[in-house]
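Undergrad: The file below is entry35.cif, mmCIF, C-alpha atoms and all ligand atoms:
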```cif
data_protein
#
loop_
_atom_site.label_atom_id
_atom_site.label_comp_id
_atom_site.auth_asym_id
_atom_site.auth_seq_id
_atom_site.Cartn_x
_atom_site.Cartn_y
_atom_site.Cartn_z
CA MET A 1 -12.11 -69.00 -1.30
CA HIS A 2 -9.48 -66.56 0.04
CA ARG A 3 -10.19 -62.86 0.35
CA SER A 4 -7.75 -60.06 1.09
CA SER A 5 -8.18 -58.39 4.50
CA ILE A 6 -9.31 -55.13 2.81
CA GLU A 7 -11.93 -57.02 0.80
CA LEU A 8 -13.13 -58.78 3.97
CA GLN A 9 -13.21 -55.51 5.93
CA THR A 10 -15.48 -53.88 3.32
CA LEU A 11 -17.70 -56.94 3.23
CA ILE A 12 -18.24 -57.24 6.96
CA GLU A 13 -19.28 -53.62 7.48
CA PRO A 14 -22.87 -53.97 8.74
CA HIS A 15 -25.50 -54.10 6.04
CA LYS A 16 -28.00 -51.25 6.43
CA PRO A 17 -31.23 -52.85 5.31
CA SER A 18 -34.37 -50.90 4.61
CA PHE A 19 -37.14 -52.05 6.89
CA CYS A 20 -40.91 -52.14 6.81
CA GLN A 21 -41.64 -50.85 3.36
CA THR A 22 -44.37 -51.74 0.96
CA LEU A 23 -43.09 -53.05 -2.28
CA VAL A 24 -45.13 -52.02 -5.29
CA THR A 25 -44.78 -54.64 -7.98
CA GLY A 26 -47.87 -54.20 -10.09
CA SER A 27 -49.18 -57.49 -11.40
CA THR A 28 -45.86 -58.92 -12.53
CA GLY A 29 -44.53 -60.09 -9.20
CA LEU A 30 -41.16 -60.13 -7.49
CA ASN A 31 -37.74 -60.70 -8.95
CA VAL A 32 -36.21 -63.28 -6.63
CA LEU A 33 -32.58 -64.37 -6.27
CA SER A 34 -32.29 -67.65 -4.38
CA LEU A 35 -28.76 -68.64 -3.36
CA PHE A 36 -28.03 -72.26 -2.38
CA ASP A 37 -31.48 -72.92 -3.84
CA GLY A 38 -31.37 -76.71 -3.35
CA MET A 39 -34.61 -78.12 -4.73
CA SER A 40 -36.27 -74.69 -4.57
CA CYS A 41 -38.30 -74.95 -1.39
CA GLY A 42 -38.19 -71.14 -1.51
CA GLN A 43 -40.25 -71.22 -4.67
CA LEU A 44 -42.72 -73.66 -3.11
CA ALA A 45 -43.08 -71.33 -0.11
CA LEU A 46 -43.69 -68.25 -2.29
CA GLN A 47 -46.37 -70.19 -4.13
CA LYS A 48 -47.96 -71.30 -0.86
CA ALA A 49 -47.92 -67.74 0.52
CA GLY A 50 -49.60 -66.50 -2.68
CA ILE A 51 -46.72 -64.22 -3.72
CA ASN A 52 -46.42 -63.60 -7.45
CA VAL A 53 -42.99 -64.14 -8.92
CA ASN A 54 -41.79 -62.36 -12.04
CA GLN A 55 -38.34 -63.92 -12.46
CA TYR A 56 -36.77 -66.51 -10.13
CA PHE A 57 -32.99 -66.82 -10.34
CA ALA A 58 -31.47 -69.85 -8.61
CA SER A 59 -27.85 -70.49 -7.71
CA GLU A 60 -27.23 -74.19 -7.07
CA ILE A 61 -24.60 -76.74 -8.05
CA LYS A 62 -26.12 -80.13 -7.16
CA PRO A 63 -27.43 -81.79 -10.35
CA HIS A 64 -30.22 -83.75 -8.56
CA ALA A 65 -31.49 -80.57 -6.92
CA ILE A 66 -31.50 -78.65 -10.21
CA LYS A 67 -33.32 -81.55 -11.88
CA VAL A 68 -36.14 -81.49 -9.29
CA THR A 69 -36.44 -77.70 -9.51
CA GLN A 70 -36.57 -77.59 -13.30
CA LEU A 71 -39.20 -80.34 -13.41
CA ASN A 72 -41.49 -78.54 -10.96
CA PHE A 73 -40.64 -74.93 -11.89
CA PRO A 74 -39.43 -74.96 -15.53
CA ASN A 75 -39.18 -71.15 -15.66
CA THR A 76 -36.43 -71.07 -13.04
CA ILE A 77 -33.27 -69.40 -14.31
CA GLN A 78 -30.32 -71.45 -13.05
CA LEU A 79 -27.11 -69.46 -12.52
CA GLY A 80 -24.70 -72.17 -11.30
CA SER A 81 -22.22 -71.56 -8.50
CA VAL A 82 -22.77 -68.57 -6.23
CA LEU A 83 -19.13 -67.67 -6.80
CA ASP A 84 -20.03 -66.72 -10.37
CA VAL A 85 -23.20 -64.73 -9.61
CA LYS A 86 -22.91 -60.97 -10.07
CA ALA A 87 -25.62 -58.39 -9.49
CA ILE A 88 -24.61 -56.54 -12.64
CA ASP A 89 -25.86 -59.46 -14.74
CA LEU A 90 -29.31 -59.41 -13.09
CA PRO A 91 -32.35 -57.11 -13.08
CA GLN A 92 -33.23 -55.28 -9.83
CA ILE A 93 -33.76 -58.04 -7.25
CA ASP A 94 -36.71 -57.53 -4.86
CA LEU A 95 -36.12 -60.52 -2.62
CA LEU A 96 -32.84 -62.32 -1.81
CA ILE A 97 -33.20 -65.69 -0.07
CA GLY A 98 -30.90 -68.53 0.89
CA GLY A 99 -29.75 -71.04 3.46
CA SER A 100 -25.97 -71.15 3.15
CA PRO A 101 -24.27 -74.52 3.80
CA CYS A 102 -24.06 -75.27 7.52
CA GLN A 103 -21.57 -78.19 7.82
CA ASP A 104 -18.91 -76.11 9.62
CA PHE A 105 -21.47 -74.89 12.21
CA SER A 106 -22.73 -78.38 12.94
CA SER A 107 -22.13 -79.73 16.45
CA ALA A 108 -21.30 -83.07 14.78
CA ASN A 109 -18.34 -81.40 13.05
CA LYS A 110 -15.37 -81.70 15.41
CA GLU A 111 -13.29 -78.93 13.83
CA LYS A 112 -16.08 -76.34 14.27
CA LEU A 113 -14.51 -73.86 11.87
CA GLY A 114 -17.72 -71.81 11.78
CA LEU A 115 -17.57 -68.88 9.38
CA GLN A 116 -13.91 -69.72 8.64
CA GLY A 117 -14.94 -73.08 7.17
CA GLU A 118 -14.93 -73.53 3.41
CA LYS A 119 -18.63 -74.47 3.25
CA SER A 120 -20.19 -72.26 5.92
CA GLY A 121 -17.92 -69.44 4.75
CA LEU A 122 -20.12 -69.29 1.65
CA PHE A 123 -22.25 -67.06 3.89
CA TYR A 124 -19.89 -64.27 2.72
CA GLU A 125 -21.16 -64.79 -0.84
CA TYR A 126 -24.69 -64.23 0.45
CA LEU A 127 -23.48 -61.06 2.17
CA ARG A 128 -21.68 -59.92 -0.98
CA LEU A 129 -24.81 -60.33 -3.08
CA LEU A 130 -26.98 -58.68 -0.43
CA LYS A 131 -24.77 -55.62 -0.78
CA GLU A 132 -24.45 -55.80 -4.56
CA CYS A 133 -28.19 -56.34 -5.21
CA ASN A 134 -29.54 -54.21 -2.34
CA PRO A 135 -32.93 -55.98 -2.46
CA LYS A 136 -35.97 -54.60 -0.65
CA TYR A 137 -36.28 -57.85 1.30
CA PHE A 138 -33.95 -60.62 2.36
CA LEU A 139 -34.10 -63.92 4.23
CA LEU A 140 -31.16 -66.05 5.40
CA GLU A 141 -31.74 -69.39 7.11
CA ASN A 142 -29.27 -71.41 9.14
CA VAL A 143 -28.88 -73.97 11.91
CA ALA A 144 -28.20 -73.34 15.60
CA MET A 145 -24.53 -72.30 15.87
CA ASP A 146 -21.93 -71.01 18.32
CA ASN A 147 -22.61 -67.59 19.88
CA TYR A 148 -19.71 -65.96 18.07
CA SER A 149 -20.96 -66.90 14.57
CA TYR A 150 -24.57 -66.08 15.55
CA SER A 151 -23.65 -62.56 16.69
CA ALA A 152 -21.23 -61.99 13.83
CA ILE A 153 -23.84 -62.92 11.21
CA SER A 154 -26.45 -60.77 12.98
CA GLU A 155 -24.15 -57.76 13.05
CA MET A 156 -23.19 -58.16 9.41
CA LEU A 157 -26.82 -58.50 8.31
CA GLY A 158 -28.01 -55.66 10.56
CA THR A 159 -30.57 -57.79 12.37
CA TYR A 160 -30.89 -60.61 14.88
CA PRO A 161 -32.99 -63.50 13.60
CA THR A 162 -36.30 -64.98 14.53
CA ASN A 163 -35.96 -68.61 15.68
CA ILE A 164 -38.66 -71.06 14.64
CA ASN A 165 -39.00 -74.78 15.26
CA SER A 166 -40.72 -76.49 12.33
CA GLU A 167 -42.52 -78.74 14.81
CA LEU A 168 -45.21 -76.02 14.96
CA VAL A 169 -46.19 -76.61 11.32
CA SER A 170 -45.05 -80.21 10.76
CA GLY A 171 -44.37 -83.51 12.52
CA GLN A 172 -40.63 -82.83 12.76
CA LEU A 173 -38.35 -81.12 15.29
CA ARG A 174 -36.30 -78.62 13.31
CA GLN A 175 -35.01 -75.54 15.13
CA ARG A 176 -33.67 -72.93 12.71
CA SER A 177 -32.73 -69.23 12.70
CA TYR A 178 -34.17 -66.82 10.13
CA TRP A 179 -32.47 -63.48 9.60
CA THR A 180 -34.84 -61.22 7.71
CA ASN A 181 -36.10 -57.66 7.26
CA ILE A 182 -39.56 -59.01 6.39
CA GLY A 183 -42.27 -58.33 8.96
CA PRO A 184 -42.32 -56.76 12.43
CA GLU A 185 -39.16 -55.60 14.21
CA SER A 186 -37.96 -54.27 17.54
CA PHE A 187 -34.79 -52.55 18.73
CA ASP A 188 -32.90 -52.86 22.01
CA LEU A 189 -31.28 -50.02 23.96
CA PHE A 190 -28.12 -50.32 21.88
CA GLY A 191 -30.02 -49.98 18.60
CA ASN A 192 -29.72 -53.65 17.65
CA ARG A 193 -32.58 -54.79 15.46
CA TYR A 194 -34.52 -58.00 16.14
CA SER A 195 -36.89 -59.73 13.76
CA MET A 196 -40.24 -60.04 15.54
CA ILE A 197 -42.02 -62.39 13.18
CA PRO A 198 -44.43 -64.22 15.48
CA GLN A 199 -44.33 -67.98 15.84
CA PRO A 200 -46.63 -69.82 13.43
CA ARG A 201 -49.81 -71.29 14.82
CA ASN A 202 -49.20 -74.74 16.32
CA LYS A 203 -50.90 -77.20 13.96
CA LYS A 204 -50.24 -80.06 16.41
CA ILE A 205 -49.19 -82.46 13.66
CA THR A 206 -47.86 -85.73 15.04
CA PHE A 207 -45.14 -87.89 13.51
CA GLN A 208 -47.53 -90.86 13.63
CA SER A 209 -50.10 -89.06 11.44
CA LEU A 210 -47.51 -88.69 8.66
CA LEU A 211 -46.53 -92.37 8.44
CA GLU A 212 -47.66 -94.37 5.40
CA ASN A 213 -47.91 -97.42 7.66
CA GLY A 214 -46.44 -98.69 10.93
CA TYR A 215 -45.91 -97.05 14.30
CA THR A 216 -43.67 -94.62 16.15
CA ASP A 217 -43.20 -94.05 19.88
CA ARG A 218 -42.21 -90.41 19.31
CA LEU A 219 -44.61 -87.49 19.21
CA LYS A 220 -42.35 -85.69 16.72
CA ALA A 221 -39.72 -87.00 14.32
CA ARG A 222 -36.11 -86.01 14.95
CA CYS A 223 -34.79 -83.39 12.52
CA ILE A 224 -34.25 -85.03 9.15
CA LEU A 225 -30.77 -84.47 7.76
CA GLU A 226 -28.86 -84.95 4.54
CA SER A 227 -27.45 -88.14 6.13
CA GLU A 228 -30.91 -89.75 5.64
CA SER A 229 -29.49 -90.47 2.18
CA ARG A 230 -26.96 -92.93 3.69
CA PRO A 231 -29.06 -95.15 5.97
CA LEU A 232 -27.41 -97.92 7.98
CA VAL A 233 -28.08 -101.33 6.46
CA SER A 234 -27.86 -103.36 9.69
CA LYS A 235 -31.21 -103.29 11.56
CA ASP A 236 -29.37 -103.87 14.79
CA LYS A 237 -27.16 -100.82 14.34
CA LEU A 238 -30.12 -98.79 13.12
CA TYR A 239 -32.07 -99.55 16.29
CA ARG A 240 -29.09 -98.89 18.56
CA ARG A 241 -28.55 -95.51 16.96
CA TYR A 242 -32.23 -94.73 17.40
CA ASN A 243 -32.49 -96.00 20.94
CA GLU A 244 -29.17 -94.95 22.43
CA LEU A 245 -28.31 -91.80 20.54
CA GLY A 246 -31.80 -90.67 19.52
CA PHE A 247 -30.57 -89.14 16.28
CA ILE A 248 -32.39 -90.99 13.58
CA ASN A 249 -35.99 -91.95 12.81
CA ILE A 250 -37.25 -95.49 12.47
CA VAL A 251 -40.72 -97.01 12.10
CA PHE A 252 -41.97 -100.17 13.86
CA ASP A 253 -44.45 -102.76 12.60
CA ASN A 254 -46.15 -103.14 16.01
CA PRO A 255 -48.05 -100.59 18.13
CA GLN A 256 -45.83 -101.37 21.16
CA CYS A 257 -42.87 -100.17 19.09
CA GLU A 258 -40.80 -103.17 20.10
CA TYR A 259 -37.65 -103.92 18.20
CA ASN A 260 -37.70 -106.69 15.60
CA GLU A 261 -36.20 -107.29 12.15
CA ASN A 262 -39.09 -105.41 10.50
CA ILE A 263 -38.08 -101.92 11.65
CA ARG A 264 -37.67 -99.61 8.70
CA ILE A 265 -36.34 -96.18 7.74
CA LEU A 266 -38.61 -93.37 6.49
CA THR A 267 -40.03 -93.52 2.97
CA GLN A 268 -39.60 -90.74 0.43
CA THR A 269 -43.25 -89.73 0.90
CA GLU A 270 -42.85 -89.54 4.68
CA LEU A 271 -39.74 -87.38 4.29
CA GLU A 272 -41.67 -85.06 1.95
CA ARG A 273 -44.54 -84.84 4.46
CA LEU A 274 -42.13 -84.01 7.30
CA GLN A 275 -40.82 -81.05 5.29
CA THR A 276 -44.36 -80.05 4.17
CA VAL A 277 -43.19 -80.49 0.59
CA PRO A 278 -46.03 -81.55 -1.76
CA GLU A 279 -46.20 -85.32 -2.12
CA GLY A 280 -44.49 -86.50 -5.28
CA TYR A 281 -42.39 -83.32 -5.63
CA THR A 282 -39.16 -85.37 -5.62
CA SER A 283 -40.59 -88.48 -7.29
CA ILE A 284 -38.23 -88.12 -10.26
CA LEU A 285 -35.43 -89.25 -7.89
CA LYS A 286 -34.71 -92.50 -6.07
CA ARG A 287 -35.37 -92.54 -2.30
CA ASN A 288 -31.80 -91.86 -1.10
CA ASP A 289 -31.14 -89.09 -3.63
CA ALA A 290 -34.41 -87.43 -2.63
CA ALA A 291 -33.57 -87.89 1.07
CA CYS A 292 -30.31 -85.98 0.53
CA LEU A 293 -32.22 -82.95 -0.80
CA LEU A 294 -35.12 -83.19 1.65
CA GLY A 295 -32.75 -83.44 4.63
CA ASP A 296 -30.95 -80.31 3.43
CA GLY A 297 -34.14 -78.49 2.49
CA TRP A 298 -36.45 -75.99 4.13
CA THR A 299 -39.74 -76.80 5.82
CA VAL A 300 -41.95 -75.14 3.23
CA ASP A 301 -44.71 -74.08 5.64
CA THR A 302 -42.23 -72.31 7.95
CA ILE A 303 -40.88 -70.25 5.06
CA ALA A 304 -44.39 -69.59 3.72
CA HIS A 305 -45.28 -68.27 7.19
CA ILE A 306 -42.38 -65.79 6.99
CA PHE A 307 -43.28 -64.80 3.42
CA SER A 308 -46.87 -64.18 4.50
CA PHE A 309 -45.50 -61.01 6.16
CA LEU A 310 -44.13 -59.64 2.87
CA GLU A 311 -45.85 -56.39 2.10
CA VAL A 312 -46.41 -56.80 -1.57
CA GLU A 313 -49.06 -54.96 -3.47
CA CYS A 314 -51.31 -56.95 -5.81
CA SER A 315 -50.50 -60.23 -4.18
CA ASN A 316 -52.79 -62.64 -2.50
CA LEU A 317 -51.21 -62.88 0.91
CA ALA A 318 -52.37 -65.92 2.81
CA GLN A 319 -51.54 -65.43 6.52
CA SER A 320 -50.85 -68.83 8.01
C1 LIG B 1 -28.60 -76.18 3.17
S1 LIG B 1 -28.73 -76.52 1.47
C2 LIG B 1 -30.03 -75.42 0.99
C3 LIG B 1 -31.30 -76.12 0.59
C4 LIG B 1 -32.42 -75.23 0.13
N1 LIG B 1 -32.69 -74.16 1.03
C5 LIG B 1 -33.69 -76.04 -0.11
O1 LIG B 1 -34.70 -75.69 0.46
O2 LIG B 1 -33.66 -77.04 -0.85
C6 LIG B 1 -27.32 -75.73 0.81
C7 LIG B 1 -27.19 -75.87 -0.68
O3 LIG B 1 -26.09 -75.09 -1.12
C8 LIG B 1 -25.61 -75.70 -2.30
N2 LIG B 1 -24.27 -75.18 -2.62
C9 LIG B 1 -23.07 -75.55 -2.12
N3 LIG B 1 -22.07 -74.85 -2.70
C10 LIG B 1 -22.67 -73.99 -3.58
C11 LIG B 1 -22.17 -73.01 -4.49
N4 LIG B 1 -20.86 -72.77 -4.61
N5 LIG B 1 -23.05 -72.34 -5.25
C12 LIG B 1 -24.39 -72.58 -5.15
N6 LIG B 1 -24.92 -73.49 -4.30
C13 LIG B 1 -24.07 -74.20 -3.54
C14 LIG B 1 -25.63 -77.19 -1.95
O4 LIG B 1 -25.59 -78.00 -3.10
C15 LIG B 1 -26.96 -77.29 -1.17
O5 LIG B 1 -28.02 -77.67 -2.00
#
```
Before we go any further, please render this structure as structure tokens.

TA:
Amino acid sequence: MHRSSIELQTLIEPHKPSFCQTLVTGSTGLNVLSLFDGMSCGQLALQKAGINVNQYFASEIKPHAIKVTQLNFPNTIQLGSVLDVKAIDLPQIDLLIGGSPCQDFSSANKEKLGLQGEKSGLFYEYLRLLKECNPKYFLLENVAMDNYSYSAISEMLGTYPTNINSELVSGQLRQRSYWTNIGPESFDLFGNRYSMIPQPRNKKITFQSLLENGYTDRLKARCILESESRPLVSKDKLYRRYNELGFINIVFDNPQCEYNENIRILTQTELERLQTVPEGYTSILKRNDAACLLGDGWTVDTIAHIFSFLEVECSNLAQS
């Protein structure tokens, strides 16, 4: 999507979020706008943190993701593409959440277009709606990225993020940044704000403990990705990728974790467990379709930890 330089200039002026306020919602709960909602891990996390939701608006375009969301949360109001979402059509939003697409930030992407990329540039839609909706609270999640994009996003959002590795709450390595005005904060000498959400308690969950059967020689699984939906068919290639590059996850049939023809990829249930998504949440889909959403999704317990710092009256906050 192309914007004029004047439009872009207005958009990138730093957001001035309101910090540390108690949101009085009565018994009805929050109005939430979730951009790039995927399969609604945001909604699972709100539920887990005991936050009441009044209306949950989701912007998502992937049919499989919408199908899973509507099955598990039938009251979700789907809005379609973020490009068509306008604050004027919505009630006052209390909480804006989203993890904008990250493909152009990825180290695997040779072009590394960052915020200029078509997909990662959708961050600007998040920023637009942050300004249009002016919610009390916001949360943006993304992957590790180049310093320029990291600082640019932080300046535009008016805060530096908190960085959490999901390995603390699950059996999976997953380092992510969370830009938010929820929870504690600090400022440096130049007035830059930093999110000071503490790290979640280390639950010491091992990869092995999440397997349905078989063995692993890794303490923690490698970060699961959307590419889990396109597993290599050749066992030989699968093992080489595991052993030499260390990217993917495989399971052995013997405790010595020696290679043989019985090595396997992760099951749908194991992928759900690694993301702390309730078992069976994606069962309406076939394994590879579910893997696509789970690889793209949030670790529910990490997000629930962040939401546990929401100061919401009449809610049942469960500090993790
Ligand atoms: C990184 S994933 C977010 C997953 C989500 N946080 C979850 O927990 O399931 C990014 C999502 O953005 C969606 N997306 C891409 N373009 C979009 C658009 N124009 N409008 C809305 N969503 C879009 C993709 O389909 C994908 O599900």

Undergrad: Show me which residues line ligand LIG 1 (chain B), defined as having an atom within 6 Å of a ligand atom where only C-alpha atoms and all ligand atoms count, and present them as a list of chain:residue names.

TA: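 So, counting only C-alpha atoms and all ligand atoms, the residues near ligand LIG 1 (chain B) are A:Phe36, A:Asp37, A:Gly38, A:Met39, A:Ser40, A:Cys41, A:Ser59, A:Glu60, A:Ile61, A:Lys62, A:Ser81, A:Val82, A:Leu83, A:Gly98, A:Gly99, A:Ser100, A:Pro101, A:Asp296, A:Gly297, A:Trp298.
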
Undergrad: With all atoms listed in the file as the basis for distance, which of A:Asn181, A:Ser209, A:Thr216, A:Gln116 is at the shortest distance from Asp253 in chain A?

TA: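 Among the listed residues, A:Thr216 lies closest to Asp253 in chain A.
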
Undergrad: Could you work out how far CA of Leu115 in chain A lies from CA of Ala152 in chain A, giving the answer in Å with one decimal?

TA: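 Separating CA of Ala152 in chain A from CA of Leu115 in chain A is a distance of 9.0 Å.
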
Undergrad: Within 10 Å of (-48.6, -63.4, 14.7) (file coordinates; all atoms listed in the file), which protein or nucleic acid residues are there? I'd like them as a count of residues only.

TA: 12

Undergrad: Quick one: distance from CA of Ser177 in chain A to CA of Ala58 in chain A in Å, one decimal?

TA: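 Here the two named atoms are 21.4 Å from each other.
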
Undergrad: May I ask which of the residues A:Leu113, A:Leu285, A:Ile306, A:Val53 is the closest one to Asp94 in chain A, counting all atoms listed in the file?

TA: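 When distances to Asp94 in chain A are compared using all atoms listed in the file, the smallest one comes from A:Val53.
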
Undergrad: Which residues are close to range 139-148 of chain A, i.e. within 8 Å by all atoms listed in the file, leaving aside same-chain residues fewer than 6 positions away? Reply as a PyMOL selection string.

TA: chain A and resi 95-102+105-107+114+175-182

Undergrad: When you count all atoms listed in the file, which of these residues is closest to Val68 in chain A: A:Tyr160, A:Tyr281, A:Phe138, A:Tyr242?

TA: A:Tyr281

Undergrad: Please report the interatomic distance between CA of Pro74 in chain A and CA of Leu130 in chain A in Å with one decimal.

TA: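 We find that CA of Pro74 in chain A and CA of Leu130 in chain A lie 25.5 Å from each other.
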
Undergrad: Which one is closest to Gly29 in chain A: A:Gln47, A:Gln55, A:Ser229, A:Gln268? Count all atoms listed in the file.

TA: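 Closest candidate: A:Gln55.
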
Undergrad: So that I can see what lies close to Leu211 in chain A, please list as a list in words the residues with an atom at most 9 Å from it, counting all atoms listed in the file and leaving out residues fewer than 3 positions away in the same chain.

TA: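 Listing them by chain and then by number gives Phe207, Gln208, Gly214, Tyr215, Thr216, Val251, Leu266, Thr267, Thr269, Glu270 and Arg273 of chain A.
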
Undergrad: Between A:Pro255, A:Gly171, A:Gly121, A:Pro91, which one has atoms that come closest to Asn54 in chain A, using only C-alpha atoms?

TA: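 Ranking A:Pro255, A:Gly171, A:Gly121, A:Pro91 by distance to Asn54 in chain A, first place goes to A:Pro91.
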
Undergrad: Which is closer to Arg287 in chain A than all the others in A:Phe190, A:Asn254, A:Tyr126, A:His64, using all atoms listed in the file?

TA: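 Selected residue with least distance to Arg287 in chain A: A:His64.
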
Undergrad: Kindly complete range 122-136 of chain A to N, CA and C atoms; the output should be written as a PDB file, keeping the file's coordinate frame.

TA:
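The new file result19.pdb reads:
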```pdb
ATOM      1  N   LEU A 122     -19.370 -69.765   2.821  1.00  0.00           N
ATOM      2  CA  LEU A 122     -20.120 -69.290   1.650  1.00  0.00           C
ATOM      3  C   LEU A 122     -21.173 -68.260   2.055  1.00  0.00           C
ATOM      4  N   PHE A 123     -21.387 -68.141   3.377  1.00  0.00           N
ATOM      5  CA  PHE A 123     -22.250 -67.060   3.890  1.00  0.00           C
ATOM      6  C   PHE A 123     -21.766 -65.716   3.327  1.00  0.00           C
ATOM      7  N   TYR A 124     -20.427 -65.556   3.188  1.00  0.00           N
ATOM      8  CA  TYR A 124     -19.890 -64.270   2.720  1.00  0.00           C
ATOM      9  C   TYR A 124     -20.329 -63.963   1.285  1.00  0.00           C
ATOM     10  N   GLU A 125     -20.646 -65.015   0.517  1.00  0.00           N
ATOM     11  CA  GLU A 125     -21.160 -64.790  -0.840  1.00  0.00           C
ATOM     12  C   GLU A 125     -22.585 -64.245  -0.763  1.00  0.00           C
ATOM     13  N   TYR A 126     -23.337 -64.761   0.222  1.00  0.00           N
ATOM     14  CA  TYR A 126     -24.690 -64.230   0.450  1.00  0.00           C
ATOM     15  C   TYR A 126     -24.582 -62.739   0.801  1.00  0.00           C
ATOM     16  N   LEU A 127     -23.663 -62.439   1.723  1.00  0.00           N
ATOM     17  CA  LEU A 127     -23.480 -61.060   2.170  1.00  0.00           C
ATOM     18  C   LEU A 127     -23.053 -60.163   0.999  1.00  0.00           C
ATOM     19  N   ARG A 128     -22.145 -60.691   0.192  1.00  0.00           N
ATOM     20  CA  ARG A 128     -21.680 -59.920  -0.980  1.00  0.00           C
ATOM     21  C   ARG A 128     -22.853 -59.573  -1.884  1.00  0.00           C
ATOM     22  N   LEU A 129     -23.702 -60.573  -2.161  1.00  0.00           N
ATOM     23  CA  LEU A 129     -24.810 -60.330  -3.080  1.00  0.00           C
ATOM     24  C   LEU A 129     -25.914 -59.491  -2.445  1.00  0.00           C
ATOM     25  N   LEU A 130     -26.021 -59.552  -1.120  1.00  0.00           N
ATOM     26  CA  LEU A 130     -26.980 -58.680  -0.430  1.00  0.00           C
ATOM     27  C   LEU A 130     -26.568 -57.224  -0.669  1.00  0.00           C
ATOM     28  N   LYS A 131     -25.266 -56.992  -0.590  1.00  0.00           N
ATOM     29  CA  LYS A 131     -24.770 -55.620  -0.780  1.00  0.00           C
ATOM     30  C   LYS A 131     -24.830 -55.209  -2.248  1.00  0.00           C
ATOM     31  N   GLU A 132     -24.449 -56.130  -3.117  1.00  0.00           N
ATOM     32  CA  GLU A 132     -24.450 -55.800  -4.560  1.00  0.00           C
ATOM     33  C   GLU A 132     -25.874 -55.566  -5.075  1.00  0.00           C
ATOM     34  N   CYS A 133     -26.814 -56.404  -4.662  1.00  0.00           N
ATOM     35  CA  CYS A 133     -28.190 -56.340  -5.210  1.00  0.00           C
ATOM     36  C   CYS A 133     -29.052 -55.332  -4.464  1.00  0.00           C
ATOM     37  N   ASN A 134     -28.736 -55.100  -3.186  1.00  0.00           N
ATOM     38  CA  ASN A 134     -29.540 -54.210  -2.340  1.00  0.00           C
ATOM     39  C   ASN A 134     -31.042 -54.452  -2.521  1.00  0.00           C
ATOM     40  N   PRO A 135     -31.512 -55.670  -2.269  1.00  0.00           N
ATOM     41  CA  PRO A 135     -32.930 -55.980  -2.460  1.00  0.00           C
ATOM     42  C   PRO A 135     -33.785 -55.322  -1.373  1.00  0.00           C
ATOM     43  N   LYS A 136     -35.072 -55.167  -1.673  1.00  0.00           N
ATOM     44  CA  LYS A 136     -35.970 -54.600  -0.650  1.00  0.00           C
ATOM     45  C   LYS A 136     -36.053 -55.559   0.533  1.00  0.00           C
TER      46      LYS A 136
END
```
